[in-house]
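Everything on this sheet refers to the single structure shown next.
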Amino acid sequence: MCECGAAEGDLHMWGCDGERCPFCGGQLISCSCCYIYLGYSYEAWRDNCGLPLGIYTYGLSAADARKWRAILDHKGRVPHIEFPNICVKCGCINPALIMYPTWQWDYYVPVEKRKEVICNSCFEAIRKAVDTYNPPQLVSCTFCDGTSLSFRDCWVCAGTHEMNKGYRGSHGSKRVRRG
């Protein structure tokens, strides 16, 4: 059952964050299809995403929201279907979902598996195996107290602190010298 109360095969309550968009497959409450199908020019790289300021600031008007809902009803809303999370390494079903700092996920999990679910036991086994032969050399960011593999990859400020503008390393990238 979905958090909104929808049983498997039933439609989500309007506004549920679990509902998928029937056009793009993304999360319905956050995709940009409503603007596109209502005839607005949506361009994420432009100021206000290219939308009228009122819509960008306050969302769709009541009239536009009704039109969007009619478009969805005509297309066919996506019903709730239960799909379990499965650990890609051991196959356990619906493991506890634990968030790791980005630097840890990127360091320990191979690129092709980073969009998959990995249970905590498997992640710890991967971490132990990697650390046996290749432990990470962590640094502390001197500007924000974040920890990462390099200052440039600081998981808190991403190396963008104003004081990080002083040194130009190879290829023109801006970096702070480390002792």
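Order determines the names: the first chain of the structure tokens is A, the second B, and so forth; residues in each chain are numbered 1 upward, and ligands are numbered 1 upward as they are shown.
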
>> Please extract the residues of range 6-109 of chain A with a backbone DSSP assignment of alpha helix (DSSP H) and present them as a PyMOL selection string.
In response: chain A and resi 33-37+53-58+62-75+102-108

Writing out the chosen residues with C-alpha atoms as a PDB file, in the first residue's frame:
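selection-v1.pdb, freshly written:
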```pdb
ATOM      1  CA  CYS A  33       5.342  17.941 -18.200  1.00  0.00           C
ATOM      2  CA  CYS A  34       2.489  20.047 -16.818  1.00  0.00           C
ATOM      3  CA  TYR A  35       4.071  23.209 -18.245  1.00  0.00           C
ATOM      4  CA  ILE A  36       4.840  21.611 -21.582  1.00  0.00           C
ATOM      5  CA  TYR A  37       1.374  20.073 -22.063  1.00  0.00           C
ATOM      6  CA  LEU A  53       6.979  34.822 -13.079  1.00  0.00           C
ATOM      7  CA  GLY A  54       3.628  34.145 -11.410  1.00  0.00           C
ATOM      8  CA  ILE A  55       3.658  30.485 -12.388  1.00  0.00           C
ATOM      9  CA  TYR A  56       7.329  30.087 -11.499  1.00  0.00           C
ATOM     10  CA  THR A  57       6.738  31.664  -8.068  1.00  0.00           C
ATOM     11  CA  TYR A  58       3.292  30.375  -7.094  1.00  0.00           C
ATOM     12  CA  ALA A  62      -6.524  26.852 -10.351  1.00  0.00           C
ATOM     13  CA  ALA A  63      -7.719  26.893 -13.979  1.00  0.00           C
ATOM     14  CA  ASP A  64      -4.393  25.488 -15.252  1.00  0.00           C
ATOM     15  CA  ALA A  65      -4.405  22.843 -12.509  1.00  0.00           C
ATOM     16  CA  ARG A  66      -7.867  21.694 -13.635  1.00  0.00           C
ATOM     17  CA  LYS A  67      -6.700  21.571 -17.273  1.00  0.00           C
ATOM     18  CA  TRP A  68      -3.601  19.587 -16.280  1.00  0.00           C
ATOM     19  CA  ARG A  69      -5.679  17.108 -14.306  1.00  0.00           C
ATOM     20  CA  ALA A  70      -8.010  16.689 -17.311  1.00  0.00           C
ATOM     21  CA  ILE A  71      -4.978  16.043 -19.550  1.00  0.00           C
ATOM     22  CA  LEU A  72      -3.742  13.404 -17.091  1.00  0.00           C
ATOM     23  CA  ASP A  73      -7.167  11.779 -16.827  1.00  0.00           C
ATOM     24  CA  HIS A  74      -7.418  11.645 -20.637  1.00  0.00           C
ATOM     25  CA  LYS A  75      -3.933  10.128 -20.966  1.00  0.00           C
ATOM     26  CA  THR A 102      28.429  11.093  -1.756  1.00  0.00           C
ATOM     27  CA  TRP A 103      32.194  10.653  -1.535  1.00  0.00           C
ATOM     28  CA  GLN A 104      31.737   7.226   0.099  1.00  0.00           C
ATOM     29  CA  TRP A 105      29.169   6.051  -2.438  1.00  0.00           C
ATOM     30  CA  ASP A 106      31.311   7.263  -5.334  1.00  0.00           C
ATOM     31  CA  TYR A 107      34.502   5.769  -3.883  1.00  0.00           C
ATOM     32  CA  TYR A 108      33.238   2.320  -2.954  1.00  0.00           C
TER      33      TYR A 108
END
```

> Do you know which residues are at most 12 Å from Ala96 in chain A counting only C-alpha atoms, after dropping those on the same chain fewer than 6 positions away, and could you put them as JSON, numbers by chain?
Replying inline: {"A": [84, 85, 86, 87, 117, 118, 119, 120, 121, 122, 123]}

>> Would you compute the distance between CA of Glu82 in chain A and CA of Met1 in chain A? Give it in Å to one decimal.
In response: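 Straight-line distance from CA of Glu82 in chain A to CA of Met1 in chain A works out to 7.4 Å.
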
> Leaving out Ala7 in chain A and any residue of its chain fewer than 4 positions from it, which residues lie within 12 Å of it when counting only C-alpha atoms, given as a list in words?
Replying inline: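 After dropping sequence-adjacent residues, the list is Met1, Cys2, Glu3, Leu11, His12, Met13, Pro79, His80, Ile81 and Glu82 of chain A.
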
>> Need the shell around Leu28 in chain A: protein/DNA/RNA residues with any atom at most 8 Å away, counting only C-alpha atoms. Skip same-chain ones fewer than 6 positions apart. Format as JSON, numbers by chain?
In response: {"A": [17, 18, 19, 20, 21]}

> Between CA of Gly15 in chain A and CA of Ile93 in chain A, what is the distance, to one decimal in Å?
Replying inline: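 About the pair CA of Gly15 in chain A and CA of Ile93 in chain A: they are 27.7 Å apart.
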
> How far is it from CA of Pro135 in chain A to CA of Lys115 in chain A, in Å with one decimal?
Replying inline: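 Computing it gives 23.0 Å between the two atoms.
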